[in-house]
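K.L.:
Structure below; questions to follow.
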Amino acid sequence: MLTYDLEARGGLSLYEYLYRRIRDDILSGALAAGERLPSKRALAEHLRVSVITVEGAYRQLEAEGWVEARPRRGFFTARVDRLPAAEEPAPAAAEEPPRSWRLDLRSGRVDPAFFPAALWARLTRQVLSEGGCLDPVPPQGLPALRQAIARGLRDFKGMAVSPEQIVVGAGAEYLYLLLAQLLGREGTIFALEDPGYPKIRQVYGKWGAVCRPIPLDGQGMDLESLYASRATAAHLSPAHHYPTGIVTPIARRQALLRWAEEVDGVLIEDDYDSEFRFTGRPLPTLQSIDARGRVVYMNTFSQTISPSMRVGFMVLPPRLLARYRRELGFYASTVPALEQQVLARFLGGGEYEQHLSRIRKKYRLRRSAVLERFALCPFAASLTDRGAGLHFLLRLNTREDDEALRRRAEGLGVRLGFLSEYAALPKPAYAHTLVVNYGGLDAERLPEAEALLSEILQA
(Lines give C-alpha, C1' and ligand atoms only; values in the text may rest on other atoms or scores of the structure.)
Protein backbone atom coordinates (compact mmCIF):
# COMPACT_ATOMS: atom_id res chain seq x y z
CA MET A 1 0.00 0.00 0.00
CA LEU A 2 1.29 3.46 -0.85
CA THR A 3 2.21 5.39 2.26
CA TYR A 4 3.05 9.11 2.31
CA ASP A 5 3.48 11.64 5.11
CA LEU A 6 0.76 14.11 4.25
CA GLU A 7 1.86 16.43 7.03
CA ALA A 8 4.94 17.27 4.94
CA ARG A 9 2.94 18.77 2.10
CA GLY A 10 3.59 22.37 3.17
CA GLY A 11 1.28 24.75 1.34
CA LEU A 12 0.20 22.21 -1.28
CA SER A 13 -3.32 20.87 -1.37
CA LEU A 14 -3.75 17.20 -0.45
CA TYR A 15 -4.54 16.06 -3.98
CA GLU A 16 -1.61 18.05 -5.45
CA TYR A 17 0.83 16.58 -2.91
CA LEU A 18 -0.43 13.05 -3.47
CA TYR A 19 -0.21 13.46 -7.24
CA ARG A 20 3.41 14.66 -7.00
CA ARG A 21 4.51 11.82 -4.70
CA ILE A 22 3.03 9.10 -6.95
CA ARG A 23 4.49 10.78 -10.04
CA ASP A 24 7.95 10.89 -8.42
CA ASP A 25 7.69 7.19 -7.47
CA ILE A 26 6.84 6.28 -11.07
CA LEU A 27 9.72 8.38 -12.41
CA SER A 28 12.23 6.95 -9.94
CA GLY A 29 11.16 3.32 -10.54
CA ALA A 30 9.75 2.79 -7.06
CA LEU A 31 6.50 2.01 -8.90
CA ALA A 32 7.28 -0.33 -11.81
CA ALA A 33 5.72 0.06 -15.25
CA GLY A 34 2.36 -1.73 -15.44
CA GLU A 35 1.99 -1.92 -11.65
CA ARG A 36 -1.58 -1.63 -10.39
CA LEU A 37 -2.30 1.27 -8.05
CA PRO A 38 -4.52 0.80 -4.98
CA SER A 39 -8.20 1.46 -5.54
CA LYS A 40 -9.34 4.98 -4.80
CA ARG A 41 -11.38 3.88 -1.79
CA ALA A 42 -8.62 1.66 -0.36
CA LEU A 43 -5.95 4.36 -0.67
CA ALA A 44 -8.30 6.96 0.80
CA GLU A 45 -8.97 4.80 3.86
CA HIS A 46 -5.25 4.02 4.26
CA LEU A 47 -4.19 7.69 4.09
CA ARG A 48 -7.31 8.90 5.94
CA VAL A 49 -8.31 11.34 3.21
CA SER A 50 -11.44 11.65 1.12
CA VAL A 51 -12.02 9.55 -1.98
CA ILE A 52 -12.34 12.83 -3.93
CA THR A 53 -8.75 13.70 -2.99
CA VAL A 54 -7.41 10.39 -4.32
CA GLU A 55 -9.59 10.62 -7.42
CA GLY A 56 -8.25 14.13 -8.17
CA ALA A 57 -4.66 12.89 -7.93
CA TYR A 58 -5.35 9.83 -10.12
CA ARG A 59 -7.14 11.89 -12.78
CA GLN A 60 -4.25 14.37 -12.98
CA LEU A 61 -1.77 11.50 -13.34
CA GLU A 62 -3.91 10.01 -16.07
CA ALA A 63 -4.25 13.33 -17.90
CA GLU A 64 -0.46 13.72 -18.01
CA GLY A 65 0.13 10.12 -19.06
CA TRP A 66 1.73 8.81 -15.86
CA VAL A 67 -1.00 6.21 -15.36
CA GLU A 68 -3.67 4.65 -17.51
CA ALA A 69 -7.19 3.63 -16.49
CA ARG A 70 -8.40 0.16 -17.50
CA PRO A 71 -12.16 -0.42 -17.39
CA ARG A 72 -13.27 -2.41 -14.31
CA ARG A 73 -9.63 -3.08 -13.41
CA GLY A 74 -8.36 0.21 -12.01
CA PHE A 75 -5.30 2.42 -12.62
CA PHE A 76 -1.92 1.09 -13.79
CA THR A 77 1.40 2.91 -14.08
CA ALA A 78 2.57 3.75 -17.59
CA ARG A 79 6.00 3.02 -19.06
CA VAL A 80 8.13 6.18 -18.93
CA ASP A 81 11.79 6.87 -19.50
CA ARG A 82 13.80 7.53 -16.38
CA LEU A 83 15.82 10.63 -17.18
CA PRO A 84 19.15 11.27 -15.45
CA ALA A 85 19.01 13.68 -12.58
CA ALA A 86 19.26 17.24 -13.77
CA GLU A 87 22.39 19.11 -12.90
CA GLU A 88 22.01 22.08 -10.64
CA PRO A 89 21.58 24.97 -13.05
CA ALA A 90 24.09 27.77 -12.86
CA PRO A 91 22.59 30.92 -11.40
CA ALA A 92 21.46 33.35 -14.07
CA ALA A 93 23.54 36.47 -14.36
CA ALA A 94 21.87 39.40 -12.68
CA GLU A 95 20.49 41.94 -15.11
CA GLU A 96 22.41 45.17 -14.89
CA PRO A 97 20.14 48.13 -14.09
CA PRO A 98 20.20 51.00 -16.58
CA ARG A 99 23.01 53.37 -15.75
CA SER A 100 22.13 56.86 -14.63
CA TRP A 101 24.34 59.40 -16.42
CA ARG A 102 25.32 62.84 -15.19
CA LEU A 103 25.38 63.88 -18.83
CA ASP A 104 24.20 61.90 -21.86
CA LEU A 105 25.03 63.35 -25.27
CA ARG A 106 24.91 60.03 -27.11
CA SER A 107 21.30 58.83 -26.95
CA GLY A 108 18.73 60.54 -29.11
CA ARG A 109 16.60 61.57 -26.16
CA VAL A 110 13.89 64.18 -26.42
CA ASP A 111 12.87 66.39 -23.55
CA PRO A 112 10.08 64.61 -21.62
CA ALA A 113 8.83 67.99 -20.46
CA PHE A 114 7.66 68.64 -24.02
CA PHE A 115 5.31 65.64 -24.03
CA PRO A 116 1.63 66.80 -24.10
CA ALA A 117 0.69 64.75 -21.04
CA ALA A 118 -2.60 66.51 -20.20
CA LEU A 119 -3.89 66.28 -23.78
CA TRP A 120 -2.77 62.67 -24.11
CA ALA A 121 -4.58 61.77 -20.88
CA ARG A 122 -7.76 63.48 -22.08
CA LEU A 123 -7.72 61.65 -25.42
CA THR A 124 -7.06 58.36 -23.65
CA ARG A 125 -10.07 58.90 -21.37
CA GLN A 126 -12.21 59.65 -24.43
CA VAL A 127 -11.20 56.43 -26.16
CA LEU A 128 -11.75 54.35 -23.02
CA SER A 129 -15.15 55.87 -22.31
CA GLU A 130 -16.39 55.23 -25.85
CA GLY A 131 -15.29 51.59 -25.87
CA GLY A 132 -13.90 49.64 -28.77
CA CYS A 133 -10.28 49.88 -27.63
CA LEU A 134 -10.17 46.10 -27.26
CA ASP A 135 -11.49 45.42 -30.76
CA PRO A 136 -9.17 43.55 -33.15
CA VAL A 137 -6.82 45.72 -35.23
CA PRO A 138 -6.14 44.92 -38.92
CA PRO A 139 -2.59 43.68 -39.61
CA GLN A 140 -1.50 46.95 -41.25
CA GLY A 141 -2.86 49.07 -38.41
CA LEU A 142 -6.04 50.86 -37.41
CA PRO A 143 -7.77 52.41 -40.48
CA ALA A 144 -8.36 55.71 -38.65
CA LEU A 145 -4.67 55.99 -37.80
CA ARG A 146 -3.55 55.18 -41.34
CA GLN A 147 -6.00 57.76 -42.70
CA ALA A 148 -4.62 60.40 -40.31
CA ILE A 149 -1.05 59.56 -41.32
CA ALA A 150 -1.93 59.72 -45.03
CA ARG A 151 -3.54 63.17 -44.56
CA GLY A 152 -0.46 64.42 -42.72
CA LEU A 153 1.88 63.16 -45.43
CA ARG A 154 -0.26 64.86 -48.08
CA ASP A 155 -0.60 68.19 -46.28
CA PHE A 156 2.94 68.59 -44.95
CA LYS A 157 5.16 66.52 -47.26
CA GLY A 158 3.29 66.59 -50.57
CA MET A 159 2.98 62.80 -50.68
CA ALA A 160 -0.06 61.43 -52.51
CA VAL A 161 -0.43 58.07 -50.76
CA SER A 162 -3.49 56.07 -49.79
CA PRO A 163 -4.10 54.70 -46.28
CA GLU A 164 -4.00 51.21 -47.81
CA GLN A 165 -0.28 51.66 -48.59
CA ILE A 166 0.61 52.34 -44.95
CA VAL A 167 1.85 49.68 -42.52
CA VAL A 168 1.98 50.64 -38.83
CA GLY A 169 4.50 48.86 -36.62
CA ALA A 170 6.18 48.97 -33.23
CA GLY A 171 9.06 51.29 -34.08
CA ALA A 172 11.66 51.54 -36.80
CA GLU A 173 13.54 48.38 -35.87
CA TYR A 174 10.43 46.23 -36.30
CA LEU A 175 9.82 47.80 -39.71
CA TYR A 176 13.45 47.11 -40.71
CA LEU A 177 12.82 43.46 -39.88
CA LEU A 178 9.66 43.38 -42.01
CA LEU A 179 11.53 44.91 -44.93
CA ALA A 180 14.33 42.38 -44.58
CA GLN A 181 11.77 39.59 -44.84
CA LEU A 182 9.84 41.28 -47.63
CA LEU A 183 12.86 41.90 -49.84
CA GLY A 184 14.38 38.53 -49.02
CA ARG A 185 17.68 37.35 -47.64
CA GLU A 186 18.65 35.47 -50.81
CA GLY A 187 19.70 37.53 -53.79
CA THR A 188 19.08 40.93 -52.20
CA ILE A 189 22.08 43.00 -51.17
CA PHE A 190 21.35 45.98 -48.92
CA ALA A 191 23.42 49.13 -49.48
CA LEU A 192 23.73 51.11 -46.24
CA GLU A 193 25.11 54.58 -45.61
CA ASP A 194 28.52 54.57 -43.94
CA PRO A 195 28.76 56.05 -41.40
CA GLY A 196 25.17 55.42 -40.45
CA TYR A 197 22.75 54.36 -37.75
CA PRO A 198 24.26 51.07 -36.45
CA LYS A 199 20.96 49.34 -35.69
CA ILE A 200 20.03 49.29 -39.36
CA ARG A 201 22.93 47.02 -40.28
CA GLN A 202 22.47 45.05 -37.04
CA VAL A 203 18.82 44.22 -37.82
CA TYR A 204 19.42 43.40 -41.48
CA GLY A 205 22.54 41.44 -40.62
CA LYS A 206 20.88 39.36 -37.90
CA TRP A 207 18.16 38.44 -40.36
CA GLY A 208 20.88 37.07 -42.63
CA ALA A 209 20.83 39.75 -45.30
CA VAL A 210 24.02 40.77 -47.08
CA CYS A 211 24.89 44.38 -46.22
CA ARG A 212 27.37 46.59 -48.08
CA PRO A 213 28.58 49.85 -46.49
CA ILE A 214 28.51 52.70 -49.01
CA PRO A 215 30.65 55.78 -48.28
CA LEU A 216 29.15 59.25 -48.31
CA ASP A 217 30.31 62.26 -50.25
CA GLY A 218 29.07 65.80 -49.71
CA GLN A 219 25.70 64.95 -51.31
CA GLY A 220 24.89 61.66 -49.63
CA MET A 221 25.38 58.07 -50.77
CA ASP A 222 28.22 57.83 -53.28
CA LEU A 223 26.81 56.69 -56.64
CA GLU A 224 29.94 55.03 -58.00
CA SER A 225 30.26 52.88 -54.86
CA LEU A 226 26.54 52.12 -54.96
CA TYR A 227 26.74 50.77 -58.51
CA ALA A 228 29.86 48.77 -57.67
CA SER A 229 28.17 47.17 -54.64
CA ARG A 230 25.72 45.19 -56.85
CA ALA A 231 23.03 46.05 -54.29
CA THR A 232 19.34 45.97 -55.19
CA ALA A 233 18.10 47.77 -52.06
CA ALA A 234 19.52 50.99 -50.63
CA HIS A 235 18.60 52.28 -47.16
CA LEU A 236 19.22 56.01 -46.92
CA SER A 237 18.13 59.21 -45.16
CA PRO A 238 18.23 61.97 -47.80
CA ALA A 239 16.45 64.72 -45.80
CA HIS A 240 18.97 64.80 -42.95
CA HIS A 241 21.48 62.01 -42.61
CA TYR A 242 22.22 60.62 -39.17
CA PRO A 243 24.81 61.26 -37.88
CA THR A 244 26.61 63.53 -40.41
CA GLY A 245 23.59 65.76 -41.16
CA ILE A 246 24.22 65.63 -44.94
CA VAL A 247 21.23 66.70 -47.07
CA THR A 248 20.89 64.98 -50.46
CA PRO A 249 20.14 67.57 -53.22
CA ILE A 250 17.63 67.05 -56.00
CA ALA A 251 20.16 66.03 -58.66
CA ARG A 252 21.51 63.21 -56.47
CA ARG A 253 17.98 62.12 -55.57
CA GLN A 254 17.09 61.84 -59.24
CA ALA A 255 20.27 59.85 -59.84
CA LEU A 256 19.35 57.47 -57.03
CA LEU A 257 15.92 56.93 -58.59
CA ARG A 258 17.61 56.17 -61.94
CA TRP A 259 19.85 53.64 -60.17
CA ALA A 260 16.80 51.92 -58.66
CA GLU A 261 15.16 51.72 -62.08
CA GLU A 262 18.28 50.39 -63.78
CA VAL A 263 18.91 47.59 -61.26
CA ASP A 264 15.20 46.89 -60.63
CA GLY A 265 15.84 47.86 -57.03
CA VAL A 266 14.25 49.59 -54.05
CA LEU A 267 15.14 52.78 -52.18
CA ILE A 268 14.23 52.76 -48.48
CA GLU A 269 13.79 56.40 -47.46
CA ASP A 270 14.28 56.72 -43.69
CA ASP A 271 12.88 60.17 -42.90
CA TYR A 272 14.28 60.29 -39.37
CA ASP A 273 13.84 63.68 -37.59
CA SER A 274 12.98 65.51 -40.83
CA GLU A 275 10.27 67.44 -38.95
CA PHE A 276 12.99 69.48 -37.25
CA ARG A 277 14.25 71.73 -40.01
CA PHE A 278 15.15 75.15 -38.63
CA THR A 279 16.44 76.96 -41.73
CA GLY A 280 14.84 77.16 -45.16
CA ARG A 281 11.74 75.40 -46.44
CA PRO A 282 10.95 71.72 -45.73
CA LEU A 283 12.51 69.45 -48.34
CA PRO A 284 10.32 67.27 -50.57
CA THR A 285 10.64 63.59 -49.85
CA LEU A 286 12.26 61.17 -52.25
CA GLN A 287 8.95 59.30 -52.37
CA SER A 288 7.11 62.41 -53.59
CA ILE A 289 9.24 62.59 -56.77
CA ASP A 290 9.18 58.83 -57.41
CA ALA A 291 7.08 58.16 -60.50
CA ARG A 292 7.91 54.45 -60.85
CA GLY A 293 7.10 53.04 -57.40
CA ARG A 294 10.70 52.46 -56.33
CA VAL A 295 10.63 54.11 -52.88
CA VAL A 296 9.57 52.73 -49.50
CA TYR A 297 9.04 55.65 -47.13
CA MET A 298 9.59 55.22 -43.37
CA ASN A 299 9.10 57.46 -40.35
CA THR A 300 8.31 57.27 -36.63
CA PHE A 301 6.91 59.47 -33.88
CA SER A 302 9.94 58.91 -31.64
CA GLN A 303 11.35 62.41 -32.01
CA THR A 304 8.12 64.37 -32.32
CA ILE A 305 6.17 62.69 -29.48
CA SER A 306 8.23 60.18 -27.48
CA PRO A 307 10.72 57.36 -28.16
CA SER A 308 8.92 55.15 -25.64
CA MET A 309 5.78 55.11 -27.81
CA ARG A 310 7.44 52.69 -30.25
CA VAL A 311 5.15 53.62 -33.13
CA GLY A 312 6.40 53.89 -36.67
CA PHE A 313 5.02 53.41 -40.16
CA MET A 314 6.12 52.71 -43.70
CA VAL A 315 4.50 53.51 -47.04
CA LEU A 316 4.84 50.71 -49.58
CA PRO A 317 4.60 51.27 -53.35
CA PRO A 318 1.71 49.30 -54.91
CA ARG A 319 3.86 46.49 -56.31
CA LEU A 320 5.48 45.84 -52.94
CA LEU A 321 2.17 46.23 -51.11
CA ALA A 322 0.66 43.29 -53.01
CA ARG A 323 3.71 41.19 -52.18
CA TYR A 324 3.60 42.27 -48.53
CA ARG A 325 -0.03 41.21 -48.15
CA ARG A 326 0.62 37.92 -49.89
CA GLU A 327 3.77 36.95 -47.98
CA LEU A 328 3.63 38.84 -44.65
CA GLY A 329 -0.06 39.61 -44.22
CA PHE A 330 -0.33 36.95 -41.52
CA TYR A 331 1.52 39.16 -39.02
CA ALA A 332 -0.75 40.73 -36.42
CA SER A 333 -0.46 44.43 -35.64
CA THR A 334 2.27 45.03 -33.06
CA VAL A 335 0.91 48.33 -31.69
CA PRO A 336 -1.88 48.13 -29.06
CA ALA A 337 -5.33 49.24 -30.20
CA LEU A 338 -5.65 51.83 -27.43
CA GLU A 339 -2.39 53.53 -28.39
CA GLN A 340 -3.36 53.56 -32.07
CA GLN A 341 -6.76 55.09 -31.36
CA VAL A 342 -5.31 57.82 -29.15
CA LEU A 343 -2.61 58.62 -31.71
CA ALA A 344 -5.21 58.74 -34.50
CA ARG A 345 -7.17 61.38 -32.61
CA PHE A 346 -4.02 63.31 -31.77
CA LEU A 347 -2.99 63.40 -35.44
CA GLY A 348 -6.45 63.98 -36.87
CA GLY A 349 -7.71 66.71 -34.54
CA GLY A 350 -5.14 69.40 -35.27
CA GLU A 351 -3.38 69.00 -31.91
CA TYR A 352 -0.34 67.34 -33.46
CA GLU A 353 0.40 70.31 -35.71
CA GLN A 354 0.13 72.69 -32.75
CA HIS A 355 2.36 70.42 -30.66
CA LEU A 356 4.93 70.19 -33.46
CA SER A 357 4.99 73.95 -33.94
CA ARG A 358 5.44 74.47 -30.21
CA ILE A 359 8.34 72.04 -29.77
CA ARG A 360 10.07 73.28 -32.95
CA LYS A 361 10.28 76.72 -31.38
CA LYS A 362 11.63 75.28 -28.13
CA TYR A 363 14.24 73.12 -29.86
CA ARG A 364 15.28 76.03 -32.10
CA LEU A 365 16.05 78.11 -29.02
CA ARG A 366 17.83 75.18 -27.38
CA ARG A 367 19.88 74.53 -30.51
CA SER A 368 20.99 78.16 -30.69
CA ALA A 369 22.03 78.19 -27.03
CA VAL A 370 23.96 74.91 -27.29
CA LEU A 371 25.76 75.88 -30.51
CA GLU A 372 26.68 79.31 -29.19
CA ARG A 373 28.02 77.89 -25.92
CA PHE A 374 29.99 75.01 -27.43
CA ALA A 375 31.49 77.13 -30.23
CA LEU A 376 33.32 79.23 -27.62
CA CYS A 377 34.72 76.25 -25.69
CA PRO A 378 38.49 75.69 -25.95
CA PHE A 379 37.97 71.99 -26.68
CA ALA A 380 35.91 72.77 -29.81
CA ALA A 381 37.91 72.74 -33.04
CA SER A 382 34.83 73.14 -35.26
CA LEU A 383 31.06 72.62 -35.36
CA THR A 384 29.11 71.08 -38.24
CA ASP A 385 25.43 71.94 -38.17
CA ARG A 386 23.04 71.65 -41.12
CA GLY A 387 20.20 73.64 -39.59
CA ALA A 388 18.10 70.53 -39.01
CA GLY A 389 17.61 67.66 -36.62
CA LEU A 390 18.38 67.36 -32.92
CA HIS A 391 22.09 66.66 -33.26
CA PHE A 392 25.28 68.18 -34.68
CA LEU A 393 28.95 67.23 -35.06
CA LEU A 394 31.58 68.66 -32.73
CA ARG A 395 35.18 68.29 -33.86
CA LEU A 396 37.38 68.09 -30.76
CA ASN A 397 40.66 69.88 -30.22
CA THR A 398 42.56 66.79 -29.05
CA ARG A 399 44.98 64.11 -30.20
CA GLU A 400 43.75 61.40 -27.87
CA ASP A 401 42.00 58.44 -29.45
CA ASP A 402 38.23 58.15 -29.16
CA GLU A 403 38.25 55.03 -27.00
CA ALA A 404 40.45 56.64 -24.34
CA LEU A 405 38.17 59.67 -24.24
CA ARG A 406 35.07 57.49 -24.05
CA ARG A 407 36.45 55.49 -21.10
CA ARG A 408 37.46 58.64 -19.24
CA ALA A 409 34.03 60.14 -19.85
CA GLU A 410 32.27 57.05 -18.51
CA GLY A 411 34.40 57.28 -15.37
CA LEU A 412 32.94 60.74 -14.80
CA GLY A 413 29.38 59.57 -15.55
CA VAL A 414 29.29 61.10 -19.02
CA ARG A 415 28.03 59.22 -22.07
CA LEU A 416 29.56 60.29 -25.38
CA GLY A 417 29.05 59.09 -28.94
CA PHE A 418 31.86 59.44 -31.48
CA LEU A 419 31.41 59.55 -35.24
CA SER A 420 33.87 56.66 -35.53
CA GLU A 421 31.39 54.40 -33.68
CA TYR A 422 28.86 54.82 -36.49
CA ALA A 423 31.20 53.64 -39.24
CA ALA A 424 31.35 50.07 -40.52
CA LEU A 425 34.64 50.88 -42.26
CA PRO A 426 36.82 53.05 -39.98
CA LYS A 427 38.56 56.09 -41.42
CA PRO A 428 41.00 58.51 -39.76
CA ALA A 429 38.75 61.41 -40.79
CA TYR A 430 36.04 60.19 -38.38
CA ALA A 431 38.27 60.42 -35.28
CA HIS A 432 37.97 63.11 -32.61
CA THR A 433 34.41 64.02 -33.64
CA LEU A 434 31.47 63.90 -31.23
CA VAL A 435 27.90 63.32 -32.33
CA VAL A 436 26.10 65.66 -29.93
CA ASN A 437 22.43 64.86 -29.40
CA TYR A 438 21.12 67.97 -27.68
CA GLY A 439 17.40 67.16 -27.47
CA GLY A 440 17.60 66.39 -23.75
CA LEU A 441 20.11 69.14 -22.89
CA ASP A 442 18.32 72.21 -21.56
CA ALA A 443 19.99 75.60 -21.22
CA GLU A 444 20.30 75.37 -17.43
CA ARG A 445 22.63 72.37 -17.77
CA LEU A 446 24.96 73.92 -20.35
CA PRO A 447 27.54 75.18 -17.81
CA GLU A 448 27.72 71.70 -16.23
CA ALA A 449 28.05 70.08 -19.68
CA GLU A 450 30.87 72.44 -20.62
CA ALA A 451 32.68 71.83 -17.34
CA LEU A 452 32.45 68.03 -17.70
CA LEU A 453 33.67 68.03 -21.29
CA SER A 454 36.54 70.34 -20.32
CA GLU A 455 37.52 67.97 -17.52
CA ILE A 456 37.47 64.99 -19.91
CA LEU A 457 39.54 66.71 -22.59
CA GLN A 458 42.05 68.39 -20.27
CA ALA A 459 42.83 65.31 -18.18
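Labeling convention for the C-alpha coordinates: chains A, B, ... as they appear, residues from 1 per chain, ligands from 1 in order of appearance.
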Would you return as a PyMOL selection string the members of stretch 86-234 of chain A that DSSP assigns to helix (DSSP H, G or I) on this structure's backbone?

P.N.:
chain A and resi 112-114+117-130+143-157+163-165+172-183+198-207+223-228

K.L.:
With a distance cut-off of 10 Å and only C-alpha atoms, select the neighbouring residues of stretch 122-125 of chain A, excluding the residue or stretch itself and same-chain residues fewer than 6 positions from it, and output the selection as a short mmCIF file (atom, residue, chain, number, x, y, z; two decimals) with N, CA, C and O atoms, in the first residue's frame.

P.N.:
```
data_model
loop_
_atom_site.label_atom_id
_atom_site.label_comp_id
_atom_site.auth_asym_id
_atom_site.auth_seq_id
_atom_site.Cartn_x
_atom_site.Cartn_y
_atom_site.Cartn_z
N CYS A 133 -11.74 49.90 -27.64
CA CYS A 133 -10.28 49.88 -27.63
C CYS A 133 -9.73 48.46 -27.53
O CYS A 133 -8.52 48.26 -27.66
N LEU A 338 -5.42 50.59 -28.17
CA LEU A 338 -5.65 51.83 -27.43
C LEU A 338 -4.66 52.91 -27.88
O LEU A 338 -5.05 54.06 -28.14
N GLU A 339 -3.41 52.56 -27.99
CA GLU A 339 -2.39 53.53 -28.39
C GLU A 339 -2.64 54.03 -29.81
O GLU A 339 -2.46 55.22 -30.10
N GLN A 341 -5.59 54.23 -31.34
CA GLN A 341 -6.76 55.09 -31.36
C GLN A 341 -6.45 56.47 -30.80
O GLN A 341 -6.90 57.49 -31.33
N VAL A 342 -5.68 56.52 -29.72
CA VAL A 342 -5.31 57.82 -29.15
C VAL A 342 -4.45 58.60 -30.14
O VAL A 342 -4.68 59.81 -30.36
N LEU A 343 -3.48 57.94 -30.75
CA LEU A 343 -2.61 58.62 -31.71
C LEU A 343 -3.41 59.10 -32.92
O LEU A 343 -3.15 60.20 -33.45
N ALA A 344 -4.38 58.32 -33.36
CA ALA A 344 -5.21 58.74 -34.50
C ALA A 344 -5.95 60.03 -34.19
O ALA A 344 -6.04 60.93 -35.04
N ARG A 345 -6.46 60.15 -32.99
CA ARG A 345 -7.17 61.38 -32.61
C ARG A 345 -6.19 62.55 -32.47
O ARG A 345 -6.52 63.69 -32.81
N PHE A 346 -5.02 62.27 -31.95
CA PHE A 346 -4.02 63.31 -31.77
C PHE A 346 -3.58 63.86 -33.14
O PHE A 346 -3.42 65.07 -33.31
#
```

K.L.:
Need to verify the contact set: A:Leu6, 8 Å, only C-alpha atoms, exclusion of same-chain residues closer than 3 positions in sequence. Can you return it as a PyMOL selection string?

P.N.:
chain A and resi 9+14+17-18

K.L.:
State, in Å with one decimal place, the distance from atom CA of A:Ser302 to atom CA of A:Gln147.

P.N.:
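Computed distance, atom CA of A:Ser302 to atom CA of A:Gln147, equals 19.4 Å.
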
K.L.:
For A:Thr304, find every residue with an atom within 12 Å (counting only C-alpha atoms), except residues of its own chain fewer than 6 positions away, and show them as an NGL selection string.

P.N.:
:A and (108-112 or 114-116 or 272-276 or 310-312 or 347 or 352-360 or 363 or 389-390 or 439)

K.L.:
Name the residues in contact with A:Thr232 at a cut-off of 12 Å, using only C-alpha atoms, excluding same-chain residues fewer than 3 positions from it; report them as a VMD selection string.

P.N.:
chain A and resid 183 to 192 209 to 212 226 to 229 235 256 to 257 259 to 268 294

K.L.:
To one decimal place, how far is atom CA of A:Leu119 from atom CA of A:Gly152 in Å?

P.N.:
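A separation of 19.3 Å between them.
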
K.L.:
Pick out each residue of stretch 290-382 of chain A that DSSP on the backbone tags as strand (DSSP E); I need them as a ChimeraX atom specification.

P.N.:
/A:295-300,312-315,380-382

K.L.:
Using N, CA and C atoms, can you write the selected residues to a file as a CSV table (one decimal), in the first residue's frame?

P.N.:
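Okay, out-v2.csv is ready:
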```
chain,number,residue,atom,x,y,z
A,295,VAL,N,10.3,53.6,-54.2
A,295,VAL,CA,10.6,54.1,-52.9
A,295,VAL,C,9.7,53.6,-51.8
A,296,VAL,N,10.3,53.0,-50.7
A,296,VAL,CA,9.6,52.7,-49.5
A,296,VAL,C,9.9,53.9,-48.5
A,297,TYR,N,8.8,54.5,-48.1
A,297,TYR,CA,9.0,55.7,-47.1
A,297,TYR,C,8.8,55.2,-45.7
A,298,MET,N,9.7,55.6,-44.8
A,298,MET,CA,9.6,55.2,-43.4
A,298,MET,C,9.7,56.4,-42.5
A,299,ASN,N,9.0,56.4,-41.4
A,299,ASN,CA,9.1,57.5,-40.4
A,299,ASN,C,8.5,56.9,-39.0
A,300,THR,N,8.8,57.6,-37.9
A,300,THR,CA,8.3,57.3,-36.6
A,300,THR,C,7.9,58.5,-35.9
A,312,GLY,N,5.9,53.4,-35.4
A,312,GLY,CA,6.4,53.9,-36.7
A,312,GLY,C,5.5,53.4,-37.8
A,313,PHE,N,5.8,53.8,-39.0
A,313,PHE,CA,5.0,53.4,-40.2
A,313,PHE,C,5.9,53.4,-41.4
A,314,MET,N,5.5,52.7,-42.4
A,314,MET,CA,6.1,52.7,-43.7
A,314,MET,C,5.0,52.8,-44.8
A,315,VAL,N,5.4,53.4,-45.9
A,315,VAL,CA,4.5,53.5,-47.0
A,315,VAL,C,5.1,52.7,-48.1
A,380,ALA,N,36.6,72.9,-28.5
A,380,ALA,CA,35.9,72.8,-29.8
A,380,ALA,C,36.8,73.3,-30.9
A,381,ALA,N,37.2,72.3,-31.9
A,381,ALA,CA,37.9,72.7,-33.0
A,381,ALA,C,37.0,73.3,-34.1
A,382,SER,N,35.8,72.7,-34.3
A,382,SER,CA,34.8,73.1,-35.3
A,382,SER,C,33.5,72.5,-35.0
```

K.L.:
Nearest residue to A:Glu351 out of A:Gly11, A:Trp66, A:Ala332, A:Trp120, using only C-alpha atoms?

P.N.:
A:Trp120

K.L.:
What lies within 6 Å of A:Leu316 using only C-alpha atoms, ignoring chain neighbours under 2 positions off, as a list of chain:residue names?

P.N.:
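Residues meeting the cut-off are A:Gln165, A:Val296, A:Leu320, A:Leu321.
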
K.L.:
Neighbouring residues of A:Gly293 were defined as those with any atom within 8 Å, considering only C-alpha atoms; residues of the same chain fewer than 2 positions away were excluded. Please report them as number ranges by chain.

P.N.:
A: 290-291, 295, 317-319

K.L.:
For atom CA of A:Ser454 and atom CA of A:Leu365, quote the distance in Å rounded to one decimal.

P.N.:
23.6 Å
